[in-house]
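Just run05.cif here, mmCIF, C-alpha atoms:
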data_protein
loop_
_atom_site.label_atom_id
_atom_site.label_comp_id
_atom_site.auth_asym_id
_atom_site.auth_seq_id
_atom_site.Cartn_x
_atom_site.Cartn_y
_atom_site.Cartn_z
CA MET L 17 50.10 -12.64 4.94
CA LYS L 18 48.79 -10.69 1.97
CA ASP L 19 48.49 -6.90 1.78
CA GLY L 20 49.58 -6.68 5.42
CA THR L 21 46.63 -8.79 6.63
CA LEU L 22 46.98 -12.16 8.32
CA SER L 23 44.81 -15.03 7.18
CA PRO L 24 42.47 -16.62 9.76
CA GLN L 25 44.85 -19.60 9.96
CA GLU L 26 47.85 -17.33 10.57
CA GLU L 27 45.91 -15.41 13.24
CA THR L 28 45.07 -18.69 14.98
CA ILE L 29 48.66 -19.93 14.92
CA LEU L 30 50.01 -16.55 16.08
CA ARG L 31 47.58 -16.53 18.98
CA LYS L 32 48.77 -20.00 20.02
CA ILE L 33 52.40 -18.90 19.75
CA LEU L 34 51.73 -15.84 21.92
CA ASP L 35 49.89 -17.98 24.47
CA GLY L 36 52.96 -20.22 24.52
CA ILE L 37 55.31 -17.28 25.10
CA LEU L 38 53.14 -16.13 28.00
CA ALA L 39 53.01 -19.62 29.53
CA GLU L 40 56.69 -20.44 29.04
CA ARG L 41 58.35 -17.05 29.57
CA GLY L 42 55.74 -14.89 31.30
CA VAL L 43 55.81 -12.14 28.66
CA ASP L 44 52.47 -11.04 27.21
CA PHE L 45 52.61 -9.86 23.59
CA ARG L 46 48.91 -10.39 22.93
CA GLY L 47 48.24 -6.66 22.77
CA TYR L 48 50.92 -6.07 20.14
CA ARG L 49 50.03 -5.53 16.49
CA SER L 50 49.60 -8.85 14.72
CA LYS L 51 51.33 -7.97 11.46
CA CYS L 52 54.42 -6.66 13.28
CA LEU L 53 54.64 -9.79 15.39
CA TRP L 54 54.03 -12.07 12.43
CA ARG L 55 57.00 -10.63 10.54
CA ARG L 56 59.22 -11.43 13.51
CA VAL L 57 57.78 -14.94 13.80
CA VAL L 58 58.42 -15.59 10.10
CA ALA L 59 62.00 -14.35 10.52
CA ALA L 60 62.46 -16.73 13.46
CA MET L 61 61.06 -19.58 11.36
CA HIS L 62 63.51 -18.87 8.55
CA ASP L 63 66.41 -18.90 11.01
CA ILE L 64 65.77 -22.58 11.63
CA ASN L 65 64.76 -23.39 8.04
CA ILE L 66 61.04 -23.83 8.67
CA ASP L 67 58.56 -22.43 6.15
CA ASP L 68 55.30 -23.76 7.56
CA ALA L 69 53.83 -21.93 10.56
CA GLY L 70 52.07 -25.03 11.83
CA GLU L 71 55.34 -26.91 11.79
CA TYR L 72 57.00 -24.04 13.68
CA LEU L 73 54.30 -24.13 16.35
CA GLY L 74 55.00 -27.84 16.76
CA ALA L 75 58.73 -27.13 17.07
CA LEU L 76 58.08 -24.65 19.87
CA LYS L 77 55.95 -27.16 21.77
CA LYS L 78 58.61 -29.82 21.32
CA ASP L 79 61.49 -27.62 22.47
CA PRO L 80 60.41 -24.80 24.85
CA LYS L 81 63.97 -23.41 24.72
CA ALA L 82 63.13 -22.27 21.19
CA TYR L 83 60.99 -19.58 22.80
CA ASP L 84 64.18 -17.80 23.87
CA LYS L 85 65.29 -17.37 20.26
CA LEU L 86 61.81 -16.21 19.29
CA LEU L 87 61.80 -13.67 22.13
CA ASN L 88 65.14 -12.30 20.92
CA LYS L 89 63.69 -11.95 17.44
CA ILE L 90 60.54 -10.18 18.65
CA THR L 91 62.46 -7.79 20.88
CA ILE L 92 65.20 -7.21 18.30
CA ASN L 93 67.27 -4.23 19.40
CA VAL L 94 68.65 -1.91 16.76
CA SER L 95 70.12 1.23 18.25
CA GLU L 96 73.07 3.57 18.39
CA PHE L 97 74.26 6.48 20.50
CA PHE L 98 72.33 9.71 19.91
CA ARG L 99 69.99 8.03 17.45
CA ASN L 100 68.13 10.85 15.67
CA PRO L 101 70.53 13.46 17.10
CA GLU L 102 68.15 16.34 16.33
CA THR L 103 65.80 14.91 18.96
CA PHE L 104 68.53 15.06 21.59
CA PHE L 105 69.35 18.63 20.53
CA ALA L 106 65.68 19.58 21.03
CA VAL L 107 65.69 17.99 24.48
CA ARG L 108 68.89 19.88 25.28
CA ASP L 109 67.46 23.22 24.14
CA LYS L 110 63.75 23.01 25.03
CA VAL L 111 63.35 20.52 27.86
CA ILE L 112 66.38 20.38 30.15
CA PRO L 113 66.62 24.18 30.70
CA GLU L 114 62.96 24.24 31.75
CA LEU L 115 63.45 21.32 34.11
CA ILE L 116 66.47 23.01 35.65
CA ARG L 117 64.45 26.21 36.12
CA ARG L 118 61.64 24.32 37.87
CA LYS L 119 64.05 22.42 40.11
CA ARG L 120 65.73 25.64 41.18
CA LEU L 121 62.37 27.10 42.18
CA LYS L 122 61.68 24.01 44.30
CA GLY L 123 65.17 23.88 45.78
CA SER L 124 65.85 20.50 44.17
CA LYS L 125 68.93 19.39 42.26
CA VAL L 126 67.78 15.99 40.92
CA ILE L 127 66.12 15.34 37.56
CA LYS L 128 64.45 11.94 37.21
CA ILE L 129 64.46 10.35 33.75
CA TRP L 130 63.05 7.06 32.49
CA SER L 131 64.33 5.36 29.32
CA ALA L 132 61.47 2.92 28.63
CA GLY L 133 62.44 0.17 26.23
CA CYS L 134 66.13 0.94 26.61
CA ALA L 135 67.32 -2.11 24.63
CA THR L 136 71.11 -2.51 24.94
CA GLY L 137 71.62 0.83 26.67
CA GLU L 138 72.66 3.27 23.97
CA GLU L 139 69.77 5.62 24.75
CA PRO L 140 70.24 5.99 28.53
CA TYR L 141 74.00 6.36 28.09
CA SER L 142 73.36 9.03 25.44
CA ILE L 143 71.12 10.85 27.92
CA ALA L 144 73.86 10.62 30.54
CA ILE L 145 76.44 12.04 28.10
CA LEU L 146 74.08 14.89 27.18
CA LEU L 147 73.43 15.80 30.81
CA LYS L 148 77.10 15.55 31.71
CA GLU L 149 77.73 18.30 29.15
CA ILE L 150 74.87 20.42 30.52
CA PHE L 151 75.61 19.96 34.22
CA THR L 152 78.66 22.24 34.26
CA GLY L 153 79.28 25.79 35.42
CA GLU L 154 76.21 27.17 37.18
CA ASN L 155 74.46 23.82 36.66
CA ALA L 156 77.28 21.74 38.15
CA SER L 157 75.31 20.95 41.32
CA PHE L 158 72.57 19.16 39.36
CA GLN L 159 72.42 15.43 38.82
CA ALA L 160 70.12 12.95 37.08
CA ASN L 161 68.69 9.65 38.22
CA ILE L 162 68.17 7.62 35.04
CA TYR L 163 66.00 4.51 35.12
CA ALA L 164 66.46 2.28 32.08
CA THR L 165 64.04 -0.60 31.55
CA ASP L 166 63.33 -3.35 29.05
CA ILE L 167 61.66 -6.77 28.85
CA ASP L 168 64.71 -8.34 27.23
CA GLU L 169 66.99 -9.53 30.03
CA GLU L 170 69.78 -10.38 27.59
CA ALA L 171 69.69 -6.83 26.24
CA LEU L 172 69.79 -5.46 29.79
CA GLN L 173 72.87 -7.54 30.54
CA LYS L 174 74.60 -6.02 27.53
CA ALA L 175 73.51 -2.56 28.65
CA ARG L 176 74.96 -3.08 32.13
CA ALA L 177 78.22 -4.28 30.59
CA GLY L 178 78.37 -1.14 28.42
CA ARG L 179 80.53 -2.58 25.65
CA TYR L 180 79.82 -1.47 22.08
CA LYS L 181 81.08 -1.70 18.54
CA ARG L 182 82.65 1.41 17.04
CA ILE L 183 79.81 1.79 14.52
CA ALA L 184 77.33 2.46 17.36
CA LEU L 185 79.36 5.59 18.23
CA ARG L 186 79.19 7.16 14.78
CA GLU L 187 77.03 10.11 15.90
CA LEU L 188 79.50 11.04 18.64
CA SER L 189 82.34 13.48 18.25
CA SER L 190 85.90 12.33 18.87
CA GLU L 191 85.89 14.44 22.03
CA GLN L 192 82.74 12.76 23.33
CA ILE L 193 84.23 9.34 22.66
CA GLU L 194 87.47 10.23 24.40
CA LYS L 195 85.68 11.57 27.49
CA ASN L 196 83.07 8.84 27.87
CA PHE L 197 84.57 5.62 26.54
CA ILE L 198 87.55 3.35 27.07
CA LYS L 199 88.98 2.05 23.80
CA GLU L 200 89.50 -1.70 23.94
CA SER L 201 90.43 -2.21 20.30
CA GLU L 202 89.74 -0.69 16.89
CA GLU L 203 86.30 -2.30 16.97
CA TYR L 204 85.15 -2.23 20.61
CA TYR L 205 84.68 0.55 23.16
CA SER L 206 83.49 0.37 26.77
CA ILE L 207 81.52 2.97 28.69
CA ASN L 208 83.53 4.91 31.25
CA PRO L 209 82.41 3.50 34.65
CA GLU L 210 81.76 7.06 35.86
CA LEU L 211 78.92 7.35 33.35
CA LYS L 212 77.14 4.34 34.85
CA THR L 213 76.89 5.85 38.31
CA ASN L 214 73.40 7.34 38.02
CA ILE L 215 71.85 4.78 35.65
CA LYS L 216 69.82 1.89 37.00
CA PHE L 217 68.97 -0.90 34.55
CA VAL L 218 65.80 -2.75 35.55
CA TYR L 219 63.61 -5.44 33.99
CA HIS L 220 60.14 -3.98 33.48
CA ASN L 221 57.23 -4.48 31.10
CA MET L 222 55.81 -1.03 30.44
CA ILE L 223 52.36 -2.55 30.08
CA ALA L 224 52.46 -3.33 33.79
CA GLU L 225 52.04 -0.86 36.62
CA PRO L 226 54.99 1.58 36.51
CA LYS L 227 57.67 1.10 39.15
CA PHE L 228 58.53 4.79 39.33
CA ASN L 229 56.85 8.04 40.29
CA LYS L 230 57.28 11.78 39.73
CA ILE L 231 59.42 11.25 36.64
CA ASP L 232 60.46 14.49 34.95
CA LEU L 233 61.20 13.10 31.50
CA ILE L 234 60.33 9.85 29.75
CA PHE L 235 62.07 8.60 26.62
CA CYS L 236 59.94 5.95 24.93
CA ARG L 237 60.83 5.78 21.27
CA ASN L 238 59.78 3.29 18.61
CA VAL L 239 58.19 0.87 21.05
CA ILE L 240 54.53 1.85 21.30
CA ILE L 241 54.08 1.55 17.53
CA TYR L 242 54.02 -2.22 18.06
CA PHE L 243 51.02 -2.01 20.43
CA ASN L 244 47.38 -1.98 19.42
CA LYS L 245 45.40 1.17 20.19
CA SER L 246 43.90 0.00 23.47
CA LEU L 247 47.33 -0.98 24.76
CA GLN L 248 48.82 2.30 23.54
CA ARG L 249 46.17 4.14 25.53
CA GLN L 250 46.96 2.08 28.63
CA VAL L 251 50.67 2.90 28.36
CA TYR L 252 50.02 6.62 27.84
CA GLU L 253 47.76 6.65 30.90
CA ASN L 254 50.52 4.94 32.89
CA PHE L 255 53.00 7.56 31.72
CA HIS L 256 50.62 10.39 32.61
CA LYS L 257 50.15 8.89 36.06
CA ILE L 258 53.81 8.69 37.00
CA LEU L 259 55.03 11.91 35.36
CA ALA L 260 55.68 14.91 37.57
CA LYS L 261 53.59 18.03 37.00
CA GLU L 262 54.14 19.14 33.39
CA GLY L 263 56.64 16.33 32.89
CA TYR L 264 57.78 15.46 29.37
CA ILE L 265 57.63 12.51 26.99
CA VAL L 266 59.92 11.96 24.02
CA ALA L 267 58.29 9.56 21.55
CA GLY L 268 59.57 7.95 18.37
CA LYS L 269 59.57 9.69 15.01
CA VAL L 270 56.47 7.83 13.86
CA GLU L 271 54.61 8.15 17.17
CA ALA L 272 52.49 11.28 17.35
CA LEU L 273 50.23 10.51 20.39
CA MET L 274 47.51 12.51 18.67
CA GLY L 275 44.15 10.76 18.64
CA ILE L 276 45.17 8.40 21.43
CA GLY L 277 46.89 10.54 24.04
CA GLU L 278 46.09 14.11 22.99
CA ASP L 279 43.80 14.62 25.98
CA LEU L 280 46.71 13.68 28.25
CA PHE L 281 49.61 15.51 26.60
CA GLU L 282 50.25 18.71 24.67
CA ARG L 283 52.80 19.31 21.96
CA VAL L 284 56.16 20.87 22.69
CA SER L 285 57.87 19.90 19.43
CA LEU L 286 55.83 17.88 16.95
CA SER L 287 58.78 17.40 14.60
CA GLU L 288 60.84 15.79 17.39
CA ARG L 289 57.85 14.15 19.06
CA ILE L 290 58.25 15.92 22.41
CA PHE L 291 55.12 16.27 24.52
CA LYS L 292 54.24 17.67 27.94
CA LYS L 293 51.79 16.34 30.50
CA LYS L 294 48.52 18.22 30.66
CA ILE L 295 47.35 19.22 34.09
#
Using structure tokens, write down the structure that the file contains.
Amino acid sequence: MKDGTLSPQEETILRKILDGILAERGVDFRGYRSKCLWRRVVAAMHDINIDDAGEYLGALKKDPKAYDKLLNKITINVSEFFRNPETFFAVRDKVIPELIRRKRLKGSKVIKIWSAGCATGEEPYSIAILLKEIFTGENASFQANIYATDIDEEALQKARAGRYKRIALRELSSEQIEKNFIKESEEYYSINPELKTNIKFVYHNMIAEPKFNKIDLIFCRNVIIYFNKSLQRQVYENFHKILAKEGYIVAGKVEALMGIGEDLFERVSLSERIFKKKI
């Protein structure tokens, strides 16, 4: 790959690898951006000391179990609690109060949230911690149903277990850690079981038909950047379809929606990538 562009031979091999992933594991990455996928493929090749892409393709055909390692590399999960904390502060100040106001008018006490591409669970647990701090006093009767989805079953298993290294908690205050985690050792902490109550971890490919409806708030950060434009549009249309009236989306820092989803969503906070469904 030179200047970010794959050669015709690399494109051909990548296409065959993606066809193999679909056939062997049922996951379709063919709408993802080629250069992003190729970097992950090359990293997977280096892990097993292979430098030639053709040789790697042969290795995959010879040992289908190698697809599992490749899938882990493609869906690599790098996260932490309250990643980009200013985004969570904006949600706390600009989104949740408005949702609470709307629910009160409707006589409802439940806010439905979807963490799409939840990886190993830090994001949905962060949302749960945030709402736990908000749902006190006059808001104590409110609760949230949080749906957390990913295509990486191994990551979902880790999320359900809720066990994390201390470094993943670095954005949390000592009080937040004390209230929401059980210290196992100096290195590992486990989520307080109480925090898991309203979170449902589910396998789901966001490219497929959404499993939910009338969602009030969607977190989908740093996932859609890996899709090509037509697939991005499909996902945004899916989100628009299942969001409640004037529901919200929180995108990643490099995902602006403009040009692809601007007819579907309006800006709430461009700096924090918060958008609201257009009616």
As a check of understanding, name the residues that the PyMOL selection byres ((chain L and resi 103-117) around 10) selects in the supplied structure, as an MDAnalysis selection string. chainID L and resid 98:102 118:128 142:143 146:147 149:151 155 158 232:233 262:269 284:285 287:292
Within 10 Å of Asp63 of chain L using all atoms listed in the file, minus same-chain residues under 3 positions, as a PyMOL selection string: chain L and resi 57-60+66-67+85-86+89
Just say which residues the PyMOL selection byres ((chain L and resi 36-49) around 10) picks in this file, as JSON, numbers by chain. {"L": [30, 31, 32, 33, 34, 35, 50, 51, 52, 53, 54, 73, 76, 77, 80, 81, 83, 84, 86, 87, 90, 167, 168, 221, 223, 240, 241, 242, 243, 244, 245, 246, 247, 248]}
Emit the selected residues as a PDB file, in the coordinates of the input, including C-alpha atoms.
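Final output, result.pdb:
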ATOM      1  CA  LEU L  30      50.010 -16.550  16.080  1.00  0.00           C
ATOM      2  CA  ARG L  31      47.580 -16.530  18.980  1.00  0.00           C
ATOM      3  CA  LYS L  32      48.770 -20.000  20.020  1.00  0.00           C
ATOM      4  CA  ILE L  33      52.400 -18.900  19.750  1.00  0.00           C
ATOM      5  CA  LEU L  34      51.730 -15.840  21.920  1.00  0.00           C
ATOM      6  CA  ASP L  35      49.890 -17.980  24.470  1.00  0.00           C
ATOM      7  CA  SER L  50      49.600  -8.850  14.720  1.00  0.00           C
ATOM      8  CA  LYS L  51      51.330  -7.970  11.460  1.00  0.00           C
ATOM      9  CA  CYS L  52      54.420  -6.660  13.280  1.00  0.00           C
ATOM     10  CA  LEU L  53      54.640  -9.790  15.390  1.00  0.00           C
ATOM     11  CA  TRP L  54      54.030 -12.070  12.430  1.00  0.00           C
ATOM     12  CA  LEU L  73      54.300 -24.130  16.350  1.00  0.00           C
ATOM     13  CA  LEU L  76      58.080 -24.650  19.870  1.00  0.00           C
ATOM     14  CA  LYS L  77      55.950 -27.160  21.770  1.00  0.00           C
ATOM     15  CA  PRO L  80      60.410 -24.800  24.850  1.00  0.00           C
ATOM     16  CA  LYS L  81      63.970 -23.410  24.720  1.00  0.00           C
ATOM     17  CA  TYR L  83      60.990 -19.580  22.800  1.00  0.00           C
ATOM     18  CA  ASP L  84      64.180 -17.800  23.870  1.00  0.00           C
ATOM     19  CA  LEU L  86      61.810 -16.210  19.290  1.00  0.00           C
ATOM     20  CA  LEU L  87      61.800 -13.670  22.130  1.00  0.00           C
ATOM     21  CA  ILE L  90      60.540 -10.180  18.650  1.00  0.00           C
ATOM     22  CA  ILE L 167      61.660  -6.770  28.850  1.00  0.00           C
ATOM     23  CA  ASP L 168      64.710  -8.340  27.230  1.00  0.00           C
ATOM     24  CA  ASN L 221      57.230  -4.480  31.100  1.00  0.00           C
ATOM     25  CA  ILE L 223      52.360  -2.550  30.080  1.00  0.00           C
ATOM     26  CA  ILE L 240      54.530   1.850  21.300  1.00  0.00           C
ATOM     27  CA  ILE L 241      54.080   1.550  17.530  1.00  0.00           C
ATOM     28  CA  TYR L 242      54.020  -2.220  18.060  1.00  0.00           C
ATOM     29  CA  PHE L 243      51.020  -2.010  20.430  1.00  0.00           C
ATOM     30  CA  ASN L 244      47.380  -1.980  19.420  1.00  0.00           C
ATOM     31  CA  LYS L 245      45.400   1.170  20.190  1.00  0.00           C
ATOM     32  CA  SER L 246      43.900   0.000  23.470  1.00  0.00           C
ATOM     33  CA  LEU L 247      47.330  -0.980  24.760  1.00  0.00           C
ATOM     34  CA  GLN L 248      48.820   2.300  23.540  1.00  0.00           C
TER      35      GLN L 248
END
Counting all atoms listed in the file, which residues of segment 25-133 of chain L sit at most 10 Å from some atom of segment 172-180 of chain L, and what is each one's closest atom pair with its distance in Å to one decimal, listed by chain and rising residue number, as a tab-separated table?
residue	atom	partner	partner_atom	distance
L:Glu96	CA	L:Tyr180	CA	9.2
L:Phe97	CA	L:Tyr180	CA	9.8
L:Gly133	CA	L:Leu172	CA	9.9
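Counting from atom CA of Lys216 of chain L, the distance to atom CA of Cys236 of chain L is 16.1 Å.
For the set L:Leu185, L:Leu280, L:Cys134, L:Ala156, the residue with the smallest atom-to-atom gap to Ile215 of chain L is L:Cys134, counting only C-alpha atoms.
The closest residue to Glu210 of chain L, picked from L:Trp130, L:Tyr163, L:Tyr141, L:Phe281 and counting only C-alpha atoms, is L:Tyr141.
Atom pair atom CA of Lys261 of chain L / atom CA of Asn229 of chain L: separated by 11.0 Å.
Here atom CA of Thr152 of chain L stands at a distance of 16.2 Å from atom CA of Glu191 of chain L.
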